[in-house]
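**Q** Structure file model_35.txt (compact mmCIF, C-alpha atoms) right here:
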# COMPACT_ATOMS: atom_id res chain seq x y z
CA MET A 1445 31.24 19.17 6.35
CA ARG A 1446 28.75 16.31 6.33
CA GLU A 1447 31.14 14.22 8.45
CA ARG A 1448 31.10 16.93 11.08
CA PHE A 1449 27.30 17.04 11.07
CA ILE A 1450 27.14 13.29 11.54
CA ILE A 1451 29.52 13.37 14.51
CA LEU A 1452 27.86 16.43 16.04
CA PHE A 1453 24.33 15.02 15.71
CA THR A 1454 25.35 11.61 16.99
CA GLY A 1455 27.00 13.16 20.05
CA PHE A 1456 24.01 15.38 20.74
CA ALA A 1457 21.57 12.50 20.32
CA ALA A 1458 23.65 10.29 22.63
CA VAL A 1459 23.82 12.92 25.38
CA LEU A 1460 20.08 13.57 25.14
CA LEU A 1461 19.24 9.87 25.16
CA VAL A 1462 21.33 9.26 28.27
CA ARG A 1463 19.72 12.22 29.97
CA ASN A 1464 16.22 11.10 28.95
CA LEU A 1465 16.85 7.53 30.04
CA TYR A 1466 18.01 8.80 33.41
CA VAL A 1467 14.84 10.88 33.86
CA MET A 1468 12.62 8.09 32.53
CA LEU A 1469 14.02 5.32 34.65
CA VAL A 1470 14.93 7.18 37.83
CA LYS A 1471 12.87 10.37 38.11
CA LEU A 1472 9.52 9.54 36.53
CA PRO A 1473 7.27 7.33 38.65
CA ASP A 1474 5.63 4.17 37.31
CA GLU A 1475 2.30 4.76 35.62
CA ALA A 1476 -0.51 3.85 37.99
CA ALA A 1477 -2.30 1.30 35.83
CA GLN A 1478 0.49 -0.10 33.67
CA GLY A 1479 3.58 -0.03 35.86
CA ALA A 1480 7.14 0.02 34.57
CA ILE A 1481 6.43 -1.12 31.00
CA PHE A 1482 4.64 2.16 30.38
CA ARG A 1483 8.03 3.77 29.65
CA ILE A 1484 8.21 1.99 26.32
CA ILE A 1485 5.78 4.61 25.02
CA PHE A 1486 8.61 7.16 25.07
CA PHE A 1487 10.20 5.22 22.22
CA HIS A 1488 7.10 3.70 20.68
CA VAL A 1489 5.22 6.90 19.83
CA PRO A 1490 8.18 9.08 18.74
CA ALA A 1491 9.36 6.21 16.51
CA ALA A 1492 6.02 6.33 14.70
CA TRP A 1493 6.21 10.14 14.34
CA THR A 1494 9.77 9.87 13.05
CA SER A 1495 8.85 7.24 10.49
CA PHE A 1496 5.98 9.38 9.20
CA LEU A 1497 8.34 12.35 8.89
CA CYS A 1498 10.70 10.14 6.89
CA PHE A 1499 7.93 8.91 4.60
CA PHE A 1500 6.76 12.47 4.09
CA ALA A 1501 10.32 13.49 3.15
CA ALA A 1502 10.45 10.55 0.73
CA PHE A 1503 7.14 11.68 -0.79
CA VAL A 1504 8.43 15.23 -1.30
CA CYS A 1505 11.72 13.98 -2.77
CA SER A 1506 9.84 11.67 -5.13
CA ILE A 1507 7.78 14.57 -6.45
CA LEU A 1508 10.94 16.69 -6.73
CA TYR A 1509 12.65 13.89 -8.64
CA LEU A 1510 9.79 13.65 -11.14
CA ALA A 1511 9.83 17.43 -11.55
CA LYS A 1512 13.58 18.02 -11.75
CA ARG A 1513 14.96 14.59 -12.80
CA ASN A 1514 17.95 14.98 -10.53
CA LEU A 1515 19.13 11.61 -9.19
CA ARG A 1516 20.16 13.18 -5.90
CA TYR A 1517 16.46 13.44 -4.97
CA ASP A 1518 16.09 9.75 -5.72
CA ALA A 1519 19.00 8.94 -3.40
CA VAL A 1520 17.42 11.03 -0.62
CA ALA A 1521 14.05 9.35 -1.18
CA LEU A 1522 15.67 5.94 -0.87
CA ALA A 1523 17.63 6.88 2.27
CA THR A 1524 14.61 8.42 4.02
CA THR A 1525 12.37 5.47 3.12
CA GLU A 1526 14.86 2.95 4.48
CA VAL A 1527 15.30 4.85 7.72
CA GLY A 1528 11.54 5.43 7.99
CA LEU A 1529 10.99 1.70 7.55
CA ALA A 1530 13.45 0.97 10.35
CA PHE A 1531 11.62 3.36 12.68
CA ALA A 1532 8.26 1.92 11.66
CA ALA A 1533 9.60 -1.52 12.51
CA GLY A 1534 10.80 -0.15 15.85
CA ASN A 1535 7.32 1.21 16.46
CA LEU A 1536 5.66 -2.11 15.63
CA ILE A 1537 8.08 -4.16 17.73
CA THR A 1538 7.91 -1.91 20.81
CA GLY A 1539 4.13 -1.91 20.45
CA MET A 1540 4.05 -5.69 20.34
CA ILE A 1541 6.23 -5.98 23.44
CA TRP A 1542 3.93 -3.57 25.25
CA GLY A 1543 0.86 -5.46 24.04
CA ARG A 1544 2.27 -8.78 25.23
CA ILE A 1545 2.69 -7.42 28.74
CA ILE A 1546 -0.43 -5.25 29.06
CA TRP A 1547 -2.93 -7.16 26.91
CA GLY A 1548 -1.30 -10.60 27.12
CA ILE A 1549 -1.22 -10.90 23.32
CA TRP A 1550 1.45 -9.98 20.79
CA TRP A 1551 -0.94 -8.68 18.19
CA THR A 1552 -4.47 -7.38 17.87
CA TRP A 1553 -6.15 -5.98 14.75
CA ASP A 1554 -6.49 -2.54 16.21
CA PRO A 1555 -6.73 0.24 13.58
CA ARG A 1556 -3.39 1.74 14.47
CA LEU A 1557 -1.55 -1.59 14.44
CA THR A 1558 -3.14 -2.66 11.19
CA SER A 1559 -2.46 0.66 9.46
CA MET A 1560 1.16 0.66 10.55
CA LEU A 1561 1.59 -2.88 9.28
CA ILE A 1562 0.08 -1.96 5.91
CA CYS A 1563 2.25 1.16 5.78
CA TRP A 1564 5.30 -0.99 6.50
CA LEU A 1565 4.35 -3.47 3.79
CA LEU A 1566 3.82 -0.69 1.25
CA TYR A 1567 7.29 0.74 1.81
CA ALA A 1568 8.90 -2.69 2.03
CA GLY A 1569 7.42 -3.21 -1.44
CA TYR A 1570 9.10 0.03 -2.51
CA LEU A 1571 12.52 -1.32 -1.50
CA MET A 1572 11.75 -4.65 -3.15
CA LEU A 1573 10.78 -2.90 -6.38
CA ARG A 1574 14.03 -0.92 -6.39
CA ARG A 1575 16.05 -4.12 -6.24
CA ALA A 1576 14.39 -5.40 -9.40
CA VAL A 1577 15.32 -2.44 -11.62
CA GLU A 1578 18.89 -1.99 -12.74
CA GLU A 1579 18.85 1.10 -14.91
CA PRO A 1580 19.20 4.06 -12.48
CA SER A 1581 16.87 6.60 -14.08
CA GLN A 1582 14.18 3.99 -14.73
CA ARG A 1583 14.50 2.82 -11.13
CA ALA A 1584 14.21 6.38 -9.87
CA ARG A 1585 11.14 7.06 -12.01
CA ILE A 1586 9.26 3.91 -11.12
CA SER A 1587 10.02 4.07 -7.43
CA ALA A 1588 9.08 7.76 -7.25
CA VAL A 1589 5.64 6.91 -8.64
CA LEU A 1590 5.26 4.04 -6.18
CA SER A 1591 6.31 6.27 -3.29
CA ILE A 1592 3.61 8.81 -4.25
CA PHE A 1593 0.99 6.05 -4.46
CA ALA A 1594 2.03 4.68 -1.08
CA PHE A 1595 1.97 8.06 0.63
CA VAL A 1596 -1.48 8.91 -0.71
CA ASP A 1597 -2.74 5.48 0.33
CA VAL A 1598 -1.60 5.57 3.96
CA PRO A 1599 -4.13 8.14 5.29
CA ILE A 1600 -6.96 6.43 3.38
CA VAL A 1601 -5.93 3.11 4.91
CA PHE A 1602 -5.84 4.65 8.37
CA PHE A 1603 -9.33 6.17 8.22
CA SER A 1604 -10.89 3.17 6.54
CA ILE A 1605 -9.56 0.78 9.15
CA LYS A 1606 -10.72 3.10 11.88
CA TRP A 1607 -14.26 2.95 10.47
CA TRP A 1608 -13.93 -0.77 9.94
CA ARG A 1609 -13.09 -1.42 13.56
CA THR A 1610 -15.64 0.95 15.03
CA GLN A 1611 -18.34 -1.22 13.50
CA HIS A 1612 -16.87 -4.43 14.85
CA PRO A 1613 -16.42 -5.66 18.40
CA GLN A 1614 -12.91 -4.91 19.53
CA PRO A 1615 -10.90 -7.55 21.34
CA VAL A 1616 -9.12 -4.89 23.34
CA VAL A 1617 -10.06 -1.31 23.90
CA TRP A 1618 -7.33 1.27 23.77
CA GLY A 1619 -6.49 2.89 27.07
CA GLY A 1620 -6.76 6.37 25.64
CA GLY A 1621 -7.65 9.21 27.95
CA THR A 1622 -5.30 11.74 29.41
CA MET A 1623 -1.64 11.60 30.28
CA ASP A 1624 0.27 13.40 32.96
CA PRO A 1625 2.10 16.54 31.63
CA SER A 1626 5.46 15.17 32.75
CA TYR A 1627 4.85 12.13 30.54
CA TRP A 1628 3.85 14.35 27.64
CA ASN A 1629 7.03 16.39 28.02
CA MET A 1630 9.11 13.25 28.00
CA LEU A 1631 7.36 12.03 24.86
CA PHE A 1632 8.41 15.15 22.98
CA LEU A 1633 11.84 15.37 24.63
CA ASN A 1634 12.63 11.85 23.54
CA TRP A 1635 11.46 12.59 20.02
CA VAL A 1636 14.41 14.98 19.57
CA PRO A 1637 17.18 12.35 19.87
CA LEU A 1638 15.19 9.97 17.66
CA ILE A 1639 14.92 12.61 14.94
CA LEU A 1640 18.64 13.34 15.28
CA LEU A 1641 19.34 9.63 15.00
CA ALA A 1642 17.16 9.44 11.91
CA VAL A 1643 19.03 12.36 10.32
CA VAL A 1644 22.38 10.73 11.08
CA LEU A 1645 21.24 7.42 9.61
CA ILE A 1646 19.88 9.16 6.52
CA LEU A 1647 23.17 11.02 6.02
CA ILE A 1648 25.19 7.82 6.39
CA ARG A 1649 22.87 5.94 4.06
CA LEU A 1650 23.10 8.78 1.56
CA ARG A 1651 26.88 8.61 1.62
CA GLN A 1652 26.76 4.86 0.95
CA GLU A 1653 24.35 5.42 -1.90
CA GLU A 1654 26.56 8.09 -3.46
CA ALA A 1655 29.60 5.85 -3.15
CA GLN A 1656 27.62 3.03 -4.74
CA ARG A 1657 26.63 5.23 -7.64
CA GLU A 1658 30.22 6.34 -8.13
CA ILE A 1659 31.34 2.70 -8.18
CA ASP A 1660 28.63 1.86 -10.72
CA ALA A 1661 29.71 4.76 -12.91
CA VAL A 1662 33.36 3.68 -12.79
CA ARG A 1663 32.35 0.12 -13.55
CA ARG A 1664 30.33 1.19 -16.57
CA TRP A 1665 33.24 3.32 -17.72
CA ALA A 1666 35.59 0.34 -17.34
CA HIS A 1667 33.22 -1.84 -19.35
CA ALA A 1668 33.09 0.76 -22.08
CA LEU A 1669 36.86 0.81 -22.41
CA MET B 861 -12.11 15.72 -24.98
CA PRO B 862 -13.39 13.75 -27.97
CA GLY B 863 -9.82 12.90 -29.12
CA PHE B 864 -8.93 11.37 -25.78
CA LEU B 865 -12.16 9.40 -25.70
CA ARG B 866 -11.73 8.11 -29.25
CA ASP B 867 -8.11 7.06 -28.56
CA SER B 868 -9.12 5.25 -25.37
CA LEU B 869 -11.96 3.46 -27.10
CA THR B 870 -9.64 2.34 -29.89
CA ILE B 871 -7.20 0.87 -27.38
CA ALA B 872 -10.00 -0.73 -25.36
CA ALA B 873 -11.53 -2.26 -28.50
CA LYS B 874 -8.12 -3.57 -29.58
CA ASP B 875 -7.47 -5.17 -26.18
CA LEU B 876 -10.92 -6.71 -25.97
CA ARG B 877 -10.71 -8.03 -29.52
CA SER B 878 -7.35 -9.69 -29.00
CA GLU B 879 -8.49 -11.14 -25.68
CA LEU B 880 -11.76 -12.47 -27.06
CA ARG B 881 -9.92 -14.13 -29.95
CA THR B 882 -7.59 -16.15 -27.75
CA LYS B 883 -9.52 -16.00 -24.41
CA GLU B 884 -6.23 -16.87 -22.71
CA ALA B 885 -6.47 -14.62 -19.65
CA LEU B 886 -10.24 -14.88 -19.45
CA ASN B 887 -10.23 -18.69 -19.32
CA ALA B 888 -7.41 -18.75 -16.80
CA SER B 889 -9.12 -16.18 -14.60
CA VAL B 890 -12.54 -17.86 -14.63
CA SER B 891 -11.09 -21.30 -13.91
CA PHE B 892 -8.91 -19.89 -11.14
CA SER B 893 -11.91 -18.21 -9.53
CA LEU B 894 -13.72 -21.57 -9.52
CA VAL B 895 -10.67 -23.22 -7.95
CA ILE B 896 -10.58 -20.61 -5.18
CA LEU B 897 -14.30 -21.09 -4.54
CA LEU B 898 -13.62 -24.81 -4.21
CA LEU B 899 -10.69 -24.25 -1.85
CA PHE B 900 -12.81 -22.03 0.40
CA SER B 901 -15.10 -24.97 1.10
CA PHE B 902 -12.22 -26.64 2.93
CA ALA B 903 -11.31 -23.55 4.92
CA PHE B 904 -14.62 -23.40 6.79
CA ASP B 905 -17.94 -25.19 7.03
CA PRO B 906 -19.64 -24.19 3.76
CA SER B 907 -23.14 -25.07 4.94
CA ALA B 908 -22.95 -22.89 8.02
CA GLU B 909 -25.26 -19.96 8.50
CA GLN B 910 -22.24 -17.66 9.06
CA THR B 911 -21.22 -17.96 5.42
CA ARG B 912 -23.58 -15.12 4.62
CA GLU B 913 -21.84 -12.90 7.14
CA ILE B 914 -18.45 -13.37 5.48
CA SER B 915 -19.80 -13.54 1.93
CA GLY B 916 -18.44 -10.10 1.00
CA GLY B 917 -14.94 -10.99 2.10
CA LEU B 918 -14.99 -14.32 0.28
CA LEU B 919 -16.32 -12.84 -2.93
CA TRP B 920 -13.82 -10.00 -3.06
CA LEU B 921 -10.89 -12.29 -2.32
CA VAL B 922 -12.00 -14.40 -5.27
CA PHE B 923 -12.32 -11.31 -7.48
CA ALA B 924 -9.00 -9.86 -6.34
CA PHE B 925 -7.00 -13.07 -6.83
CA ALA B 926 -8.63 -14.14 -10.08
CA GLY B 927 -8.61 -10.58 -11.42
CA ALA B 928 -4.86 -10.35 -10.92
CA LEU B 929 -4.39 -12.89 -13.72
CA ILE B 930 -6.01 -10.46 -16.15
CA LEU B 931 -4.58 -7.25 -14.70
CA ASN B 932 -0.97 -8.39 -14.39
CA ARG B 933 -0.70 -9.21 -18.08
CA SER B 934 -2.31 -5.98 -19.18
CA PHE B 935 0.90 -4.29 -20.28
CA ALA B 936 3.20 -7.31 -20.34
CA ARG B 937 1.20 -8.80 -23.21
CA GLU B 938 2.42 -5.93 -25.40
CA LEU B 939 6.08 -6.87 -24.94
CA PRO B 940 6.41 -9.54 -27.69
CA ASN B 941 7.22 -8.03 -31.09
CA ASP B 942 7.84 -4.67 -29.39
CA CYS B 943 4.15 -3.79 -29.47
CA LEU B 944 4.54 -1.62 -26.38
CA ASP B 945 7.13 0.55 -28.13
CA ALA B 946 4.77 0.91 -31.06
CA LEU B 947 1.92 1.93 -28.75
CA ILE B 948 4.11 4.47 -26.98
CA ALA B 949 5.31 5.84 -30.32
CA SER B 950 1.75 6.08 -31.66
CA PRO B 951 0.10 9.52 -31.63
CA ILE B 952 -1.99 8.95 -28.50
CA SER B 953 -1.24 10.15 -25.00
CA GLY B 954 -0.10 7.82 -22.23
CA ALA B 955 -3.26 8.69 -20.33
CA ALA B 956 -5.45 7.59 -23.25
CA LEU B 957 -3.48 4.35 -23.53
CA PHE B 958 -3.99 3.75 -19.83
CA ALA B 959 -7.68 4.64 -19.90
CA GLY B 960 -8.26 2.28 -22.84
CA LYS B 961 -6.45 -0.60 -21.23
CA ALA B 962 -8.20 0.02 -17.93
CA ALA B 963 -11.60 0.05 -19.65
CA ALA B 964 -10.88 -3.27 -21.37
CA ASN B 965 -9.65 -4.83 -18.11
CA PHE B 966 -12.72 -3.51 -16.32
CA LEU B 967 -15.06 -5.27 -18.74
CA LEU B 968 -13.06 -8.50 -18.57
CA LEU B 969 -13.08 -8.47 -14.78
CA LEU B 970 -16.83 -7.86 -14.76
CA ALA B 971 -17.23 -10.85 -17.05
CA VAL B 972 -15.26 -13.05 -14.64
CA GLU B 973 -17.38 -11.75 -11.76
CA ALA B 974 -20.58 -12.42 -13.68
CA VAL B 975 -19.57 -16.08 -13.81
CA SER B 976 -18.16 -16.53 -10.33
CA LEU B 977 -20.93 -14.69 -8.44
CA PRO B 978 -23.75 -17.10 -9.44
CA VAL B 979 -21.42 -20.07 -8.88
CA PHE B 980 -20.68 -18.71 -5.42
CA GLY B 981 -24.42 -18.44 -4.77
CA VAL B 982 -24.98 -22.05 -5.81
CA PHE B 983 -21.99 -23.53 -3.96
CA TYR B 984 -22.62 -21.71 -0.71
CA ASN B 985 -26.38 -21.53 -0.87
CA ILE B 986 -26.54 -17.75 -0.79
CA ARG B 987 -29.36 -15.69 -2.29
CA TRP B 988 -27.38 -12.71 -3.42
CA TRP B 989 -29.80 -11.16 -5.90
CA GLY B 990 -32.16 -9.54 -3.40
CA GLN B 991 -30.79 -6.08 -4.10
CA PHE B 992 -29.46 -6.72 -7.55
CA TRP B 993 -28.91 -3.20 -8.87
CA GLN B 994 -27.23 -1.87 -5.75
CA LEU B 995 -24.97 -4.90 -5.75
CA ALA B 996 -24.17 -4.34 -9.42
CA GLY B 997 -23.21 -0.76 -8.61
CA VAL B 998 -20.93 -1.83 -5.77
CA LEU B 999 -19.35 -4.48 -7.97
CA ALA B 1000 -18.70 -1.89 -10.66
CA LEU B 1001 -17.14 0.59 -8.21
CA GLY B 1002 -14.98 -2.02 -6.47
CA THR B 1003 -13.90 -3.53 -9.76
CA TRP B 1004 -12.91 -0.13 -11.11
CA ALA B 1005 -10.73 0.42 -8.02
CA MET B 1006 -9.00 -2.92 -8.59
CA THR B 1007 -8.65 -2.14 -12.29
CA VAL B 1008 -7.04 1.27 -11.80
CA ILE B 1009 -4.48 0.02 -9.28
CA GLY B 1010 -3.86 -3.24 -11.15
CA THR B 1011 -3.43 -1.62 -14.57
CA MET B 1012 -1.19 1.11 -13.16
CA PHE B 1013 1.08 -1.37 -11.43
CA SER B 1014 1.12 -3.50 -14.54
CA ALA B 1015 2.51 -0.47 -16.39
CA LEU B 1016 4.91 0.25 -13.54
CA THR B 1017 6.46 -3.21 -13.58
CA VAL B 1018 6.21 -3.98 -17.30
CA ASN B 1019 9.97 -3.94 -17.90
CA LEU B 1020 11.01 -5.77 -14.76
CA ARG B 1021 12.50 -9.24 -14.71
CA LEU B 1022 10.67 -10.33 -11.57
CA ARG B 1023 7.31 -8.84 -12.56
CA GLU B 1024 5.15 -11.80 -11.62
CA LEU B 1025 6.84 -12.16 -8.25
CA MET B 1026 6.65 -8.47 -7.51
CA LEU B 1027 3.08 -7.57 -8.42
CA PRO B 1028 0.99 -9.29 -5.72
CA THR B 1029 3.07 -7.83 -2.91
CA LEU B 1030 2.84 -4.35 -4.37
CA VAL B 1031 -0.76 -4.33 -5.54
CA TYR B 1032 -2.79 -5.78 -2.66
CA PRO B 1033 -1.64 -3.46 0.14
CA VAL B 1034 -2.53 -0.43 -2.01
CA MET B 1035 -5.97 -1.87 -2.78
CA ILE B 1036 -6.86 -2.55 0.86
CA PRO B 1037 -9.13 0.48 1.49
CA ALA B 1038 -11.13 -0.18 -1.69
CA LEU B 1039 -11.39 -3.89 -0.96
CA MET B 1040 -12.55 -3.18 2.58
CA SER B 1041 -15.28 -0.84 1.37
CA ALA B 1042 -16.42 -3.29 -1.27
CA ILE B 1043 -16.45 -6.14 1.25
CA GLN B 1044 -18.53 -4.15 3.73
CA LEU B 1045 -21.05 -3.03 1.13
CA THR B 1046 -21.34 -6.45 -0.48
CA THR B 1047 -21.87 -8.20 2.84
CA HIS B 1048 -24.64 -5.74 3.68
CA LEU B 1049 -26.37 -6.11 0.33
CA VAL B 1050 -26.10 -9.90 0.23
CA GLY B 1051 -27.37 -10.03 3.81
CA GLY B 1052 -30.52 -8.23 2.67
CA GLU B 1053 -29.87 -5.02 4.59
CA PRO B 1054 -30.58 -1.81 2.67
CA LEU B 1055 -27.83 0.72 2.05
CA GLY B 1056 -28.04 3.67 4.37
CA GLY B 1057 -26.87 5.18 7.62
CA ASP B 1058 -23.39 4.11 8.68
CA VAL B 1059 -22.82 1.97 5.64
CA LEU B 1060 -22.89 4.97 3.33
CA VAL B 1061 -19.49 6.01 4.63
CA TRP B 1062 -18.06 2.98 2.80
CA LEU B 1063 -19.73 4.03 -0.41
CA ARG B 1064 -18.19 7.46 -0.07
CA LEU B 1065 -14.79 5.97 0.71
CA LEU B 1066 -14.97 3.74 -2.34
CA VAL B 1067 -15.95 6.62 -4.63
CA ALA B 1068 -13.21 8.83 -3.15
CA PHE B 1069 -10.64 6.06 -3.60
CA ASN B 1070 -11.65 5.69 -7.23
CA VAL B 1071 -11.51 9.41 -7.93
CA ILE B 1072 -8.15 9.93 -6.21
CA PHE B 1073 -6.35 6.98 -7.73
CA THR B 1074 -7.86 7.38 -11.19
CA ALA B 1075 -6.62 10.98 -11.24
CA LEU B 1076 -3.21 9.97 -9.88
CA ALA B 1077 -2.83 7.14 -12.38
CA LEU B 1078 -3.89 9.23 -15.36
CA SER B 1079 -1.46 11.99 -14.46
CA LEU B 1080 1.52 9.72 -13.70
CA VAL B 1081 1.20 6.97 -16.30
CA GLU B 1082 2.94 9.01 -19.01
CA THR B 1083 5.96 9.36 -16.70
CA VAL B 1084 5.97 5.64 -16.06
CA LEU B 1085 5.75 4.55 -19.68
CA VAL B 1086 7.69 7.22 -21.52
CA GLY B 1087 10.03 8.67 -18.94
Before we go any further, please render this structure as C-alpha cells.

**A**
Amino acid sequence: MRERFIILFTGFAAVLLVRNLYVMLVKLPDEAAQGAIFRIIFFHVPAAWTSFLCFFAAFVCSILYLAKRNLRYDAVALATTEVGLAFAAGNLITGMIWGRIIWGIWWTWDPRLTSMLICWLLYAGYLMLRRAVEEPSQRARISAVLSIFAFVDVPIVFFSIKWWRTQHPQPVVWGGGTMDPSYWNMLFLNWVPLILLAVVLILIRLRQEEAQREIDAVRRWAHAL
Amino acid sequence: MPGFLRDSLTIAAKDLRSELRTKEALNASVSFSLVILLLFSFAFDPSAEQTREISGGLLWLVFAFAGALILNRSFARELPNDCLDALIASPISGAALFAGKAAANFLLLLAVEAVSLPVFGVFYNIRWWGQFWQLAGVLALGTWAMTVIGTMFSALTVNLRLRELMLPTLVYPVMIPALMSAIQLTTHLVGGEPLGGDVLVWLRLLVAFNVIFTALALSLVETVLVG
C-alpha cells in the first residue's frame, strides 16, 4: 500500500516538475529587474514553506508522542524533521546563489536569512541529540521535548531579528513589492511537487526507520538468548 | 502553592550550600569570564570610543559563555552516588526540583555577573552605573532567560555520554532572542540613553520569552526527568 503511494506520488511529482520547468524556462518571461536568475524563487520560497510544514508536523508528532507514548509518532517526528532540514538547506542554498548574483554577496544578515539559519541549527541540534541517546524511549522523550522547544523558539527568533534589523542600517534592502500574477501562480504550482517530494521522502525515511527498529529488536532478542 | 515553594527553596538552599562549600563551578566561571574579557582586548581596539556601542554584546557573550560552566553541571553534579535518582524518588515534584535548581543557578550567575561587570568597566573604561537599577533589572531578566534554558537543557542531557559536547550547540540557538533583547537593552542603558520608545519592545520580548519558556520548562521537566 505504502509502496504504491510512494510510486504514485513520485510519478505525479515528476510530471508536475517537468511541466513547471517547461513553463518556467520557456513560457514565463525574464523578470524585468533581475533577469533569468529570478526563476530560482520558484524553488526557493516553496522549499521554505515545505520545511515549515515539516517542522510543524514534527512539532505535532512530538506532542502526540508525549501524550500517547507510541514510538510510531517518534519515527514520524524524526522523518519529518530530517526532510524539513533538507528543504531548509535547499532554501538557504538557493537563496545564497540568488544573493551572489543579485547582491554580489553570498550572505547578508537579513532577518529572513538569519532566522532560517537559526532554525536550521536548532533542528540540526535535534538530530545530533538523537544520535547521542541509545535507549529508544528515552531518545523519543528527550527529542520530543527539544522539538517542542525549537518550534516555539522559531517564531520568537523571527520577530526579534526583524526588530533587530529594523533598528540597524541594512546592507541590502529586500526587493519586496508586488509580483506578477503569473509568477504567483507558478510559486504555488511548484509548491505542489515539492510537497509531494517531501511526502515521498518522509515515507521512505519512515520505512528505513521502521526497518532499523526491527533490526534493533532482533539484535536485542539475539543478545538475550 | 506553599508546598511547591517550600520544596523549591529546599532544593535551592541545598544547591547553593553545596556550591558555596566547594566553590568549584563559581571559581571556574568567574575565572573564565575574566579570561574572556582579556581575550576580547585582542579582538578589537579596547580603547576605542566604539567599545561603548558594542558593550551590551560583549557583556552578554561573557555572561553566556561563563554562565554555561555553572548551568551545564546543574543536573550532572547529581549523578555521582546516584543523587539524581534519590532526588527524583523524593516526594517533591519535578517542577519544584527544576524551580529550585533554577533559582540556585540564577543566584550563582548573578554573582558571576556582579564580579565581571565592574571588571569590564575598569578594563574597557566604561561607566556603566549611570542607570544602575534599570541595568540591574535587565541583568536579572536576561539572566533568568539563560537560567531557564540552561537548566532545562542540563536536565535534558543529564544521562547522555556526550553531554559537554552537545550542550553549547543546543543551548545557544534557543537563547538567541533573549540574548538579543538583553544586548539591546544593556547597550542602551550603558550608553546613557533612557529606556523608552522603540527600546521597550525588547523589554516586552524579554519578559515574554521568560514567561513562555519558564512555563514550558516547568510543564515538561517532569517528562524529561521521570519519563

**Q** Hey, which of B:Phe1013, B:Trp1004, B:Phe923, B:Phe900 ends up closest to chain A? Count all atoms listed in the file.

**A**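 Using all atoms listed in the file, the shortest distance to chain A belongs to B:Phe1013.
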
**Q** Could you list as a PyMOL selection string every residue that has an atom within 6 Å of (-0.9, -7.6, -11.3), using the file's coordinates and counting all atoms listed in the file?

**A** chain B and resi 928+931-932+1010+1014+1027

**Q** Under the rule of at most 10 Å, produce a per-residue listing of chain B near chain A: chain, number, name, the closest pair of atoms, and the distance in Å, as CSV, using all atoms listed in the file.

**A**
residue,atom,partner,partner_atom,distance
B:Ile1009,CA,A:Phe1593,CA,9.5
B:Met1012,CA,A:Leu1590,CA,9.9
B:Phe1013,CA,A:Leu1590,CA,8.6
B:Ala1015,CA,A:Ile1586,CA,9.6
B:Leu1016,CA,A:Ile1586,CA,6.2
B:Thr1017,CA,A:Ile1586,CA,8.0
B:Asn1019,CA,A:Val1577,CA,8.4
B:Leu1020,CA,A:Val1577,CA,6.3
B:Arg1021,CA,A:Ala1576,CA,6.8
B:Leu1022,CA,A:Ala1576,CA,6.5
B:Arg1023,CA,A:Ala1576,CA,8.5
B:Met1026,CA,A:Leu1573,CA,7.0
B:Leu1027,CA,A:Leu1573,CA,9.2
B:Pro1028,CA,A:Gly1569,CA,9.8
B:Thr1029,CA,A:Gly1569,CA,6.5
B:Leu1030,CA,A:Gly1569,CA,5.6
B:Val1031,CA,A:Leu1566,CA,9.0
B:Tyr1032,CA,A:Leu1566,CA,9.2
B:Pro1033,CA,A:Ile1562,CA,6.2
B:Val1034,CA,A:Asp1597,CA,6.4
B:Met1035,CA,A:Asp1597,CA,8.6
B:Ile1036,CA,A:Val1601,CA,7.0
B:Pro1037,CA,A:Val1601,CA,5.4
B:Ala1038,CA,A:Ser1604,CA,8.9
B:Met1040,CA,A:Ser1604,CA,7.7
B:Ser1041,CA,A:Ser1604,CA,7.9
B:Gln1044,CA,A:Trp1608,CA,8.4
B:Asp1058,CA,A:Gln1611,CA,8.8
B:Val1059,CA,A:Gln1611,CA,9.6
B:Val1061,CA,A:Trp1607,CA,8.4
B:Trp1062,CA,A:Ser1604,CA,8.1
B:Leu1065,CA,A:Ser1604,CA,7.6
B:Leu1066,CA,A:Ser1604,CA,9.8
B:Ala1068,CA,A:Ile1600,CA,9.4
B:Phe1069,CA,A:Ile1600,CA,7.9
B:Ile1072,CA,A:Val1596,CA,8.7
B:Phe1073,CA,A:Phe1593,CA,8.1
B:Leu1076,CA,A:Phe1593,CA,7.9
B:Ala1077,CA,A:Phe1593,CA,8.9
B:Leu1080,CA,A:Val1589,CA,7.1
B:Val1081,CA,A:Val1589,CA,8.9
B:Thr1083,CA,A:Arg1585,CA,7.4
B:Val1084,CA,A:Ile1586,CA,6.2
B:Leu1085,CA,A:Ile1586,CA,9.3
B:Val1086,CA,A:Gln1582,CA,9.9
B:Gly1087,CA,A:Arg1585,CA,7.2

**Q** Would you mind reading off the distance between atom CA of A:Val1467 and atom CA of A:Val1636, one decimal, in Å?

**A**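 Between atom CA of A:Val1467 and atom CA of A:Val1636 the gap works out to 14.9 Å.
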
**Q** Separation of atom CA of A:Arg1556 and atom CA of B:Leu918, in Å?

**A** 24.4 Å

**Q** Near stretch 1519-1529 of chain A, within 7 Å and counting all atoms listed in the file, which residues show up once chain neighbours fewer than 4 positions away are dropped, as a list in words?

**A**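 The contact residues come out as Thr1494, Ser1495, Phe1496, Cys1498, Phe1499, Ala1501, Ala1502, Cys1505, Ser1506, Leu1515, Ala1533, Trp1564, Tyr1567, Ala1642, Leu1645, Ile1646, Arg1649, Leu1650 and Glu1653 of chain A.
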
**Q** B:Asn985, B:Asn1070, B:Ser891, B:Ser1079: which is nearest B:Ser915, counting all atoms listed in the file?

**A** B:Asn985

**Q** Could you state the separation of atom CA of B:Leu1078 and atom CA of A:Ser1591 in Å, given to one decimal place?

**A**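 Separation between atom CA of B:Leu1078 and atom CA of A:Ser1591: 16.1 Å.
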
**Q** Could you give me, as a list in words, the residues within 12 Å of B:Val979, counting only C-alpha atoms and dropping anything in the same chain fewer than 3 positions from it?

**A**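 Once the nearby chain positions are removed, what remains is Val890, Ser891, Ser893, Leu894, Val895, Ile896, Leu897, Leu898, Leu919, Val922, Val972, Glu973, Ala974, Val975, Ser976, Val982, Phe983, Tyr984, Asn985, Ile986, Arg987 and Trp988 of chain B.
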
**Q** Within 9 Å of (17.5, 14.6, 18.0) (file coordinates; all atoms listed in the file), which protein or nucleic acid residues are there? I'd like them as a list in words.

**A**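 Residues with an atom at most 9 Å from (17.5, 14.6, 18.0): Phe1453, Thr1454, Phe1456, Ala1457, Ala1458, Leu1460, Leu1461, Leu1633, Asn1634, Trp1635, Val1636, Pro1637, Leu1638, Ile1639, Leu1640, Leu1641, Ala1642 and Val1643 of chain A.
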